[in-house]
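**Q** Have a look at this one.
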Amino acid sequence: MLARRGLWIACGVLLASASALAAPPEPGAGTPAPATAAEPADEKPIPVAEVAIRAERAVLWLRSLVPALEAQAKLDRATSELERVASRVWDGLTDTRELLEQGPRVSVVDSAEASWREGRQEISALSDALTAAAEETEKTLDRVRDSRERWRRTADAAHEAEAPETVVTRIGDTQREIDLTREQILRLRERILSLQDKAARLVAVADEVQATLAAYRSGAVERLGAPSGRPLWHERVINADPMAAARRIDTAAELELARARQFAELRAEVLRFQLVVFVLLAGLFRTARSRARLRAKSDPSVLEDLVVLDTPYSAAIVITLLSSLWLHPELPAMVASAAVLALLVPLLRILRRLVPAPLVWLPYTVSGFVVFDRVRDVVAAAPLLEQVALVIEMSAALGLAFWVLRFGRLRARGELAQWARELRLLRVGAAALACIFATALGAAVFGYVQVARFLATTSLGAVYAGMALYAAARTARGLAGFLLGVRPLSKLRVVQRHREIVEQRVQRGLGWLAAATWLFAMLRTFGGADTTSGVLQQVLDTSVSFGTLTLSAGNVLAFAVTVWASFLISRFVRFVLGEEIYPRLALPHGAPYAISSLVHYTILLAGFFLALAGMGLDLNKVTVLGGALGVGIGFGLQTIVNNFVSGLILLFERPVQIGDTVQVADVSGEVRRIGIRSSTIRTTSGAEVIVPNSDLISQRVTNWTLSDRSRRFEIPVGVAYGTRPAEVLALLAEVATKHPEVLDHPGPMPLFVRFGDSAIEFELRAWVVDGDRLPIVKTEVAVALSLALEAAGIEIPFPQREVTVRGEAKG
């Protein structure tokens, strides 16, 4: 029930979001106002007879201009938005300066930079809207100037033509209306340009702050080697003012709280959507747990999946929070700390079911260090408190690392012998962490706080991230294993026949995904994500020129990846066709292979052209080059092209199919493969003969199994003169009929052939179901026939010759 309710709630939220996104914009919101009918762009004076009508139209047009421009510019709203953003910018500028004075971590700087980047995007959107309004205002002023000039010429022409006073008055009223409208538009333009200038100044401030933050981040590595504090025994450290430290902590907390509030305002929609995702996941895991418990009674293999499915809410929280950290890599420090702490309880509930009982204490201990590390972040604004906290934290962590080393060595030979490999990895990790913790402890004691902070944060963060990703991967693996055992996935032939392989591939994919996520998190923690991205971009941009052709490493990599992906996609599609589609369809013999081959070549050809496009090559030039090569192919490669076309004919027409027994010239055997250029025939002696496809099309081919696989064999038999032919014919038919592999329709056919020189000759003709079994069946029937003739007393004569010597012998 909860899963269904969660599903309905999710659908409602998604529909509401779609409706909000699809709703039409407010009038003038980012789009030009509807154009009003303006006067014709004609420089000639208006005829006197048309002045009254044209003046009325002009007045209506002029009075619609200012409201239309105001609706487009939405100055009141833009003014309030700009004041709000300006207040936030100036407050953020002060906060950022105070933050940089405290020497923050790189992750905190990244969070501040992300906040400024989002603010700049908001200011840029306002500036773009004001720019569009200013451009439309200038165009409107130009049209008003043109109208003013035309009515001036109309007034001069009216005076020259001695027009009536009413016409002259009408023209003067229209001119005054034009001047009034022009003044209103000029005031509107001045206001728009003033707001635009203010927005431009705010953009400049945001750019300057971002550049300062980027410079601070790039210099973080150089600052690591410099002492950022004093040794613990220094006089100033001992006599530090606790009230000053408390004030700095309070200031930093207010700054982080402001960033968290701003993040919640900007990402409210995304956060609501993730809440819906959590409800859906919780319902899914609850349903999976209920069904897994029922299946576990009859299928014990489900118990492994039930271990992680037994905590549905914890699993949903872990996956939702990890996805939040992935979707928002630049979270404010306070929000990130809250997410990390919220992850602890569900993470421990999952890990205690996955970790061996003697090692259950380890995740709890690591979680305690994570909580202490978050507390240290709170007091990081006070350098002395942070230094003391680092000394305490690293001392305890170093003791834990030594204890894990001793524990792993003792238990590897005892009750955890089956976990020897995992314990070996645990000891290696503990040894590495012990070196890091010892270095961080020494750095904290001697005043190198930034080095100690960096080592402590990254090492504990790596361990905690590994724990969280391991739990998430095992949860996803358990869910995937359960889904493969229920409908509709359990009805797939791929799952029924290759479930172990599918589970292994899913497990491997989840492992690679978790490893990549962990590596990305570590790069970001080290502050090397941007650096790594820049280095990779430089490597990919490296190019080599060959005349007018320029190839870069990125283009070559894109070509190779696209071709490789084409092979993988083709392999997967053919696998699905062979396992799922073909067995459900009544296709002729050989049709599945032909379809799979065509799909394979089509995907590879499409992938090749996509790869060429990925390399940046102009496909029009490739087409011209292909046309030029066609001439050369026609002369130099005509044999290969002939074989290629013959291969296509074999696939479409299917005169020869995989598994057929054929005879081409002096080659006889079974067709094993039909390739793009040649085919492979395996002879009865085991040799594999490569036959060009053109030979299978142009030469005479005997296909013994084109329509069916039944074959006929003949056994000649000779009996001695004096034997009754009717008895022999009946015996031949009886022996052939008794063999189980001899067909009844058409049935065995014994025939009287002729009177031979030494015997009466007969022949037995019979059909077998499978032509591959013909030699064996023929041998068995011949042996049975020999035994039957012997039992019936019928003699099989051998040729005899009488030699008569004439003449007398000479003595």
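Here, A, B, ... name the chains of the structure tokens in the order displayed, residue numbers run from 1 inside each chain, and ligands are numbered from 1 in the same displayed order.
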Can you pull out the residues contacting Leu469 of chain A? Cut-off 12 Å, using only C-alpha atoms, and skip same-chain residues under 3 positions away; I want them as a VMD selection string.
**A** chain A and resid 315 318 to 319 321 to 323 325 to 326 343 347 350 to 351 461 to 466 472 to 477 510 to 519 521
**Q** Got a sec: who's within 12 Å of Gly722 of chain A, counting only C-alpha atoms, leaving out chain neighbours fewer than 5 positions off, as a list in words?
**A**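 Residues near the query, excluding close chain neighbours: Glu727, Val728, Phe755, Ser758, Ala759, Ile760, Gly793, Ile794, Glu795, Ile796 and Pro797 of chain A.
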**Q** Can I get the selection written as a compact mmCIF listing (two decimals), in the first residue's frame, with N, CA and C atoms?
**A**
```txt
# COMPACT_ATOMS: atom_id res chain seq x y z
N GLU A 727 12.00 -63.64 -51.40
CA GLU A 727 12.46 -63.76 -50.01
C GLU A 727 13.50 -62.69 -49.69
N VAL A 728 14.38 -62.41 -50.64
CA VAL A 728 15.43 -61.40 -50.41
C VAL A 728 14.81 -60.01 -50.28
N PHE A 755 20.53 -59.51 -63.12
CA PHE A 755 21.25 -60.77 -62.97
C PHE A 755 22.71 -60.51 -63.29
N SER A 758 28.02 -63.07 -61.24
CA SER A 758 28.23 -64.05 -60.18
C SER A 758 27.10 -64.09 -59.18
N ALA A 759 26.16 -63.11 -59.25
CA ALA A 759 25.12 -63.05 -58.23
C ALA A 759 23.89 -62.35 -58.79
N ILE A 760 22.80 -62.56 -58.06
CA ILE A 760 21.59 -61.80 -58.36
C ILE A 760 21.69 -60.50 -57.55
N GLY A 793 20.29 -68.14 -44.10
CA GLY A 793 21.01 -69.11 -44.93
C GLY A 793 21.18 -68.66 -46.36
N ILE A 794 21.15 -67.40 -46.58
CA ILE A 794 21.32 -66.87 -47.94
C ILE A 794 22.78 -66.51 -48.11
N GLU A 795 23.38 -67.04 -49.14
CA GLU A 795 24.81 -66.87 -49.38
C GLU A 795 25.05 -65.63 -50.21
N ILE A 796 26.10 -64.92 -49.83
CA ILE A 796 26.56 -63.76 -50.61
C ILE A 796 27.78 -64.22 -51.39
N PRO A 797 27.64 -64.47 -52.68
CA PRO A 797 28.75 -65.06 -53.45
C PRO A 797 29.83 -64.03 -53.74
```
**Q** A:Val576, A:Ala52, A:Ala586, A:Leu557: which is nearest Thr169 of chain A, counting only C-alpha atoms?
**A**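 Closest to Thr169 of chain A of all the choices is A:Ala52.
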**Q** Within segment 691-763 of chain A, find each residue whose DSSP state, derived from the backbone, is strand (DSSP E or B), and express the selection as a PyMOL selection string.
**A** chain A and resi 691-692+701-703+711-719+742+749-755+760-763
**Q** Please provide the set of residues having any atom within 8 Å of segment 479-488 of chain A, restricted to only C-alpha atoms, with same-chain residues fewer than 4 positions apart removed, written as a list of chain:residue names.
**A**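 Answer for this query is A:Phe285, A:Ala288, A:Ala292, A:Val302, A:Asp305, A:Leu309, A:Thr475, A:Leu492, A:Val495, A:Arg499, A:Glu503, A:Val506.
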**Q** In segment 611-748 of chain A, what's alpha helix (DSSP H) per DSSP? Answer as an MDAnalysis selection string?
**A** chainID A and resid 611:614 619:636 638:653 693:698 725:738
**Q** Could you tell me how far atom CA of Val563 of chain A lies from atom CA of Tyr601 of chain A, in Å and to one decimal?
**A** 12.3 Å
**Q** If we count only C-alpha atoms and set the cut-off at 12 Å, which residues sit around Leu193 of chain A, ignoring sequence neighbours fewer than 5 positions away in its own chain? Please answer as a list in words.
**A**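 Final neighbour list, sorted by chain and number: Ala73, Leu75, Thr79, Ser127, Asp128, Ala129, Leu130, Thr131, Ala132, Ala133, Ala134, Glu135, Thr137, Glu138, Leu186, Arg187, Leu188, Lys198, Ala199 and Ala200 of chain A.
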**Q** Counting only C-alpha atoms, which of A:Asp695, A:Asp310, A:Glu183, A:Glu579 gets nearest to Lys491 of chain A?
**A**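 Selected residue with least distance to Lys491 of chain A: A:Glu579.
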**Q** List as a list in words the protein and nucleic acid residues near Asp373 of chain A, meaning an atom at most 10 Å away when only C-alpha atoms are counted, but skip any in the same chain fewer than 5 places from it.
**A** Ser337, Ser367, Gly368, Val378, Ala389, Leu390, Glu393, Arg453, Ala456, Thr457, Leu460 and Gly461 of chain A
**Q** So which one's closest to Ala112 of chain A, A:Glu136, A:Thr212, A:Ser395, A:Leu743? Using only C-alpha atoms, please.
**A** A:Thr212
**Q** Would you mind telling me which residue in A:Ile171, A:Ala565, A:Leu785, A:Val664 lies nearest to Glu56 of chain A when using only C-alpha atoms?
**A**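 Nearest candidate to Glu56 of chain A out of A:Ile171, A:Ala565, A:Leu785, A:Val664: A:Ile171.
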**Q** From the options A:Thr705, A:Ser710, A:Ser786, A:Ser124, which residue's atoms come nearest to Val742 of chain A, counting only C-alpha atoms?
**A**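 Closest candidate: A:Ser710.
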**Q** In Å, with one decimal, what is the gap from atom CA of Met522 of chain A to atom CA of Ala430 of chain A?
**A**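 Separation between atom CA of Met522 of chain A and atom CA of Ala430 of chain A: 18.0 Å.
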**Q** For a test of reading the model, state the distance in Å between atom CA of Arg765 of chain A and atom CA of Leu751 of chain A, rounded to one decimal.
**A**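 Spanning atom CA of Arg765 of chain A to atom CA of Leu751 of chain A is a straight-line distance of 7.9 Å.
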